[in-house]
Every structure is written in structure tokens, then in C-alpha cells.
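Undergrad: Following this message is one structure expressed as C-alpha cells.
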Amino acid sequence: MASNTINQGFILILVLIFACFQIAISGDADIISDFIVPPNVTKVDGKLFTFTALRSLVGAKPPISFTASKVSMAEFPALNGQSVSYAFLQYPAGTLNPPHTHPRSAELLFLVDGCLEVGFVDTANKLFTQTLEAGDMFVFPKGLVHYQYNNDPKNLAVAVSSFGSASAGTVSIPSTLFTTGVDSGLLAKAFKTDVATIEKIKAGFA
């Protein structure tokens, strides 16, 4: 009996250690050097740590649809190992950044200009919303479904988002469900509708 109790205690300890280990590695991995030099780089100087692609946005005409200019490890390799990335977001009048998630990071949004309706849904299916004005910040917790909407019929809204990962990832809910080949019959059951309705929605994304 005592042996059985000891075995159960040992198994419990192993489970707890594994759970803590999983939590510890759930973010970007720590590096043991100051920075990581990309494989194709032979000369390391200040240029490696400089990102200039957003210069094209300065003085440019506003876009006609929602636009996210990402600065993640994919676009800026020097971010590898640094656990940070950004996105420059432009919302023309009446446009929406559709519901989506970032599986590897929370998002901290700073509204530079205009106004935005923002919201996220937690794991208890509770919706949290807020109307932001220029100068406001809003945090979207890691992995939760969230959105932003510029309901101003005339003016552009501009925001900058920061992420605690060099590669936060983005999973767009509409695109994931309706453009990746998920069976229409399954989606009809999930949304409690008919296949024809699902096919019509899919056609809108084509």
C-alpha cells in the first residue's frame, strides 16, 4: 500500500515537472549569445540590426483596405532570438482586421491616429470590447481571438502593435475556416446551417 502511494506521488511529481517544463518553453527559446547571425550574412555591422522596409510608408497614400505591414523574424532576421516583433497597421474608413489569433504571443496595440473598436473573447466565451482614441493602448492576451474595426466612415486609423515573440504567428479565423479546404458539410454542422450557405461564404473568399 505504501509502495503504491509512493509510486502515485512520484508520477504526480513527474507530471508537475513536465507541465512546468512545457510552460517554460511555450515562448521564444532563450539564446546563449548576444544575437544570432543569419546563415547568409558574412559581415556583421549596424546594417544587420536595421530594418528599412517601412520607409515606403512615409508620405505614401493611405491604402484602400486594411493593411498590416509586419516586422517579424521572417522580414527582419536580426529579430531571431530577441522575442520581439512589430506590425504597422492601417485601417481605412469602415475597414476591419477580421477575428484572428496570435498563437505565440500577446499583442500590445498603440493607436497612433483615429479611433478603433477593439475586442477579444476569453476561454469562457466572454467578450471584452473598448473604443480606443489616439494615444490609447490595448492588450490582446496570447492566443485569444480578437479583432479591430475602424467604424469612422471618413477617417483613417493607424496603429502600431508589438509582440513578445519574433514570430507571433497569425491565424485568421475566416480564412482558416473557409479557404483551406475544410469540408463544407462539417462547417455546415458546426455553424448549424446548410451546405449551400457555406459554399456561398467560401465563394466570397475565392
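Each chain in the C-alpha cells gets a letter, A, B, ..., in the order shown, and its residues are numbered from 1; ligands are numbered from 1 in order too.
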Would you mind listing what lies within 12 Å of Ala124 of chain A as a ChimeraX atom specification, with only C-alpha atoms counted and same-chain residues fewer than 4 positions away left out?
TA: /A:120,128,144-145
Undergrad: Using only C-alpha atoms, which of the listed residues (A:Ala206, A:Ala29, A:Val158, A:Val37) sits closest to Thr179 of chain A?
TA: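 Selected residue with least distance to Thr179 of chain A: A:Ala206.
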Undergrad: What does the structure give for the distance between atom CA of Asp30 of chain A and atom CA of Ser72 of chain A, in Å to one decimal?
TA: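 A separation of 16.9 Å between them.
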Undergrad: Which residues come within 12 Å of Ile31 of chain A, counting only C-alpha atoms, excluding same-chain residues fewer than 6 positions away, as a CSV table (one decimal) with C-alpha atoms, in the first residue's frame?
TA:
```csv
chain,number,residue,atom,x,y,z
A,37,VAL,CA,23.7,36.0,-37.2
A,79,LEU,CA,14.9,39.5,-34.6
A,80,ASN,CA,15.7,35.8,-34.3
A,81,GLY,CA,16.2,35.1,-30.5
A,82,GLN,CA,15.1,38.6,-29.4
A,83,SER,CA,11.5,37.8,-28.5
```
Undergrad: Using only C-alpha atoms, which residues sit within 12 Å of Phe178 of chain A once same-chain residues fewer than 5 positions away are excluded, as number ranges by chain?
TA: A: 172-173, 183-188, 197-206
Undergrad: Compare A:Lys142, A:Lys126, A:His102, A:Lys70 by their minimum atom-to-atom distance to Val160 of chain A, counting only C-alpha atoms, and give me the closest one.
TA: A:Lys70
Undergrad: Write out as a list in words the set of residues from segment 119-191 of chain A that DSSP, computed on the backbone, places in strand (DSSP E or B).
TA: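 So the strand (DSSP E or B) residues in segment 119-191 of chain A would be Gly119, Phe120, Val121, Leu127, Phe128, Thr129, Gln130, Thr131, Leu132, Glu133, Met137, Phe138, Val139, Phe140, Val145, His146, Tyr147, Gln148, Tyr149, Ala157, Val158, Ala159, Val160, Ser161, Ser162, Phe163, Val171 and Ser172 of chain A.
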Undergrad: I need the residues from that last selection saved to file as a short mmCIF file (atom, residue, chain, number, x, y, z; two decimals), in the first residue's frame (with N, CA, C and O atoms), if you can.
TA:
```
data_model
loop_
_atom_site.label_atom_id
_atom_site.label_comp_id
_atom_site.auth_asym_id
_atom_site.auth_seq_id
_atom_site.Cartn_x
_atom_site.Cartn_y
_atom_site.Cartn_z
N GLY A 119 -11.76 44.31 -29.60
CA GLY A 119 -12.32 43.34 -28.69
C GLY A 119 -11.64 42.00 -28.77
O GLY A 119 -10.97 41.69 -29.75
N PHE A 120 -11.77 41.21 -27.69
CA PHE A 120 -11.30 39.83 -27.70
C PHE A 120 -12.27 38.98 -26.88
O PHE A 120 -13.06 39.49 -26.09
N VAL A 121 -12.21 37.67 -27.12
CA VAL A 121 -13.07 36.71 -26.43
C VAL A 121 -12.19 35.78 -25.62
O VAL A 121 -11.24 35.20 -26.15
N LEU A 127 -16.90 38.32 -24.04
CA LEU A 127 -16.38 39.33 -24.96
C LEU A 127 -15.98 40.58 -24.19
O LEU A 127 -16.76 41.10 -23.38
N PHE A 128 -14.76 41.07 -24.45
CA PHE A 128 -14.26 42.32 -23.86
C PHE A 128 -14.05 43.32 -25.00
O PHE A 128 -13.28 43.04 -25.92
N THR A 129 -14.72 44.45 -24.94
CA THR A 129 -14.61 45.45 -26.01
C THR A 129 -14.23 46.80 -25.44
O THR A 129 -14.43 47.08 -24.25
N GLN A 130 -13.71 47.64 -26.32
CA GLN A 130 -13.34 49.00 -25.93
C GLN A 130 -13.25 49.87 -27.18
O GLN A 130 -12.88 49.39 -28.26
N THR A 131 -13.60 51.15 -27.02
CA THR A 131 -13.39 52.13 -28.08
C THR A 131 -12.10 52.89 -27.77
O THR A 131 -11.99 53.50 -26.69
N LEU A 132 -11.14 52.82 -28.67
CA LEU A 132 -9.85 53.47 -28.47
C LEU A 132 -9.78 54.79 -29.22
O LEU A 132 -10.29 54.92 -30.32
N GLU A 133 -9.09 55.75 -28.60
CA GLU A 133 -8.78 57.02 -29.24
C GLU A 133 -7.27 57.12 -29.38
O GLU A 133 -6.52 56.40 -28.73
N MET A 137 -3.72 52.54 -25.55
CA MET A 137 -3.13 51.21 -25.77
C MET A 137 -4.13 50.16 -25.32
O MET A 137 -4.95 50.41 -24.44
N PHE A 138 -4.03 48.98 -25.93
CA PHE A 138 -4.91 47.86 -25.58
C PHE A 138 -4.13 46.57 -25.74
O PHE A 138 -3.39 46.40 -26.71
N VAL A 139 -4.27 45.66 -24.77
CA VAL A 139 -3.56 44.38 -24.86
C VAL A 139 -4.54 43.27 -25.22
O VAL A 139 -5.63 43.16 -24.64
N PHE A 140 -4.15 42.46 -26.20
CA PHE A 140 -4.89 41.27 -26.58
C PHE A 140 -4.11 40.07 -26.01
O PHE A 140 -2.98 39.81 -26.44
N VAL A 145 -8.91 34.92 -29.50
CA VAL A 145 -9.48 35.51 -30.72
C VAL A 145 -9.77 36.98 -30.47
O VAL A 145 -10.38 37.35 -29.45
N HIS A 146 -9.34 37.83 -31.40
CA HIS A 146 -9.55 39.28 -31.25
C HIS A 146 -9.71 39.95 -32.61
O HIS A 146 -9.46 39.34 -33.65
N TYR A 147 -10.11 41.23 -32.59
CA TYR A 147 -10.35 41.96 -33.83
C TYR A 147 -10.17 43.45 -33.57
O TYR A 147 -10.13 43.90 -32.41
N GLN A 148 -10.10 44.23 -34.66
CA GLN A 148 -10.13 45.70 -34.59
C GLN A 148 -10.97 46.20 -35.76
O GLN A 148 -10.91 45.64 -36.85
N TYR A 149 -11.74 47.25 -35.49
CA TYR A 149 -12.66 47.78 -36.50
C TYR A 149 -12.66 49.31 -36.46
O TYR A 149 -12.85 49.90 -35.40
N ALA A 157 -7.50 55.16 -39.58
CA ALA A 157 -6.92 54.90 -38.26
C ALA A 157 -5.58 54.20 -38.47
O ALA A 157 -5.42 53.39 -39.39
N VAL A 158 -4.61 54.54 -37.63
CA VAL A 158 -3.26 53.98 -37.74
C VAL A 158 -2.82 53.49 -36.37
O VAL A 158 -2.99 54.20 -35.36
N ALA A 159 -2.26 52.29 -36.31
CA ALA A 159 -1.81 51.72 -35.05
C ALA A 159 -0.49 50.98 -35.25
O ALA A 159 -0.14 50.60 -36.36
N VAL A 160 0.22 50.81 -34.14
CA VAL A 160 1.44 50.00 -34.12
C VAL A 160 1.25 48.94 -33.05
O VAL A 160 0.83 49.24 -31.93
N SER A 161 1.51 47.69 -33.41
CA SER A 161 1.39 46.59 -32.45
C SER A 161 2.75 45.97 -32.19
O SER A 161 3.56 45.79 -33.11
N SER A 162 2.99 45.65 -30.93
CA SER A 162 4.22 44.95 -30.55
C SER A 162 3.86 43.57 -30.03
O SER A 162 2.78 43.35 -29.47
N PHE A 163 4.78 42.63 -30.24
CA PHE A 163 4.56 41.24 -29.85
C PHE A 163 5.77 40.74 -29.06
O PHE A 163 6.91 41.12 -29.35
N VAL A 171 -3.35 33.55 -37.11
CA VAL A 171 -4.33 32.59 -37.62
C VAL A 171 -5.63 33.36 -37.83
O VAL A 171 -6.31 33.72 -36.87
N SER A 172 -5.95 33.65 -39.09
CA SER A 172 -7.19 34.35 -39.43
C SER A 172 -8.35 33.37 -39.38
O SER A 172 -8.33 32.36 -40.09
#
```
Undergrad: Can you work out which one of A:Pro141, A:Gly135, A:Gly94, A:Pro77 has the shortest atom-to-atom distance to Glu107 of chain A, counting only C-alpha atoms?
TA: A:Pro141
Undergrad: Can you list every residue in chain A that DSSP puts in helix (DSSP H, G or I), as a VMD selection string?
TA: chain A and resid 2 to 24 46 to 49 53 to 57 77 to 79 173 to 178 184 to 190 195 to 205
Undergrad: Considering only C-alpha atoms, state which residue in the set A:Leu57, A:Glu75, A:Gln90, A:Ile32 is at the smallest distance from Asp113 of chain A.
TA: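 Smallest distance to Asp113 of chain A is found for A:Gln90.
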Undergrad: As an exercise, work out the distance from atom CA of Leu116 of chain A to atom CA of Met73 of chain A in Å and give it to one decimal place.
TA: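 Between atom CA of Leu116 of chain A and atom CA of Met73 of chain A the gap is 27.2 Å.
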Undergrad: Counting only C-alpha atoms, figure out which residue out of A:Leu156, A:Leu108, A:Leu48, A:Asp136 gets nearest to Lys61 of chain A.
TA: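 Of all the options, A:Leu156 lies closest to Lys61 of chain A.
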Undergrad: Taking into account only C-alpha atoms, which residue in the set A:Thr101, A:Ser167, A:Ala106, A:Phe88 is nearest to Ala74 of chain A?
TA: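 Checking each of A:Thr101, A:Ser167, A:Ala106, A:Phe88 against Ala74 of chain A, counting only C-alpha atoms, the winner is A:Ser167.
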Undergrad: For the atom pair atom CA of Asn40 of chain A and atom CA of Ala78 of chain A, what is the interatomic distance in Å to one decimal place?
TA: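 Spanning atom CA of Asn40 of chain A to atom CA of Ala78 of chain A is a straight-line distance of 11.9 Å.
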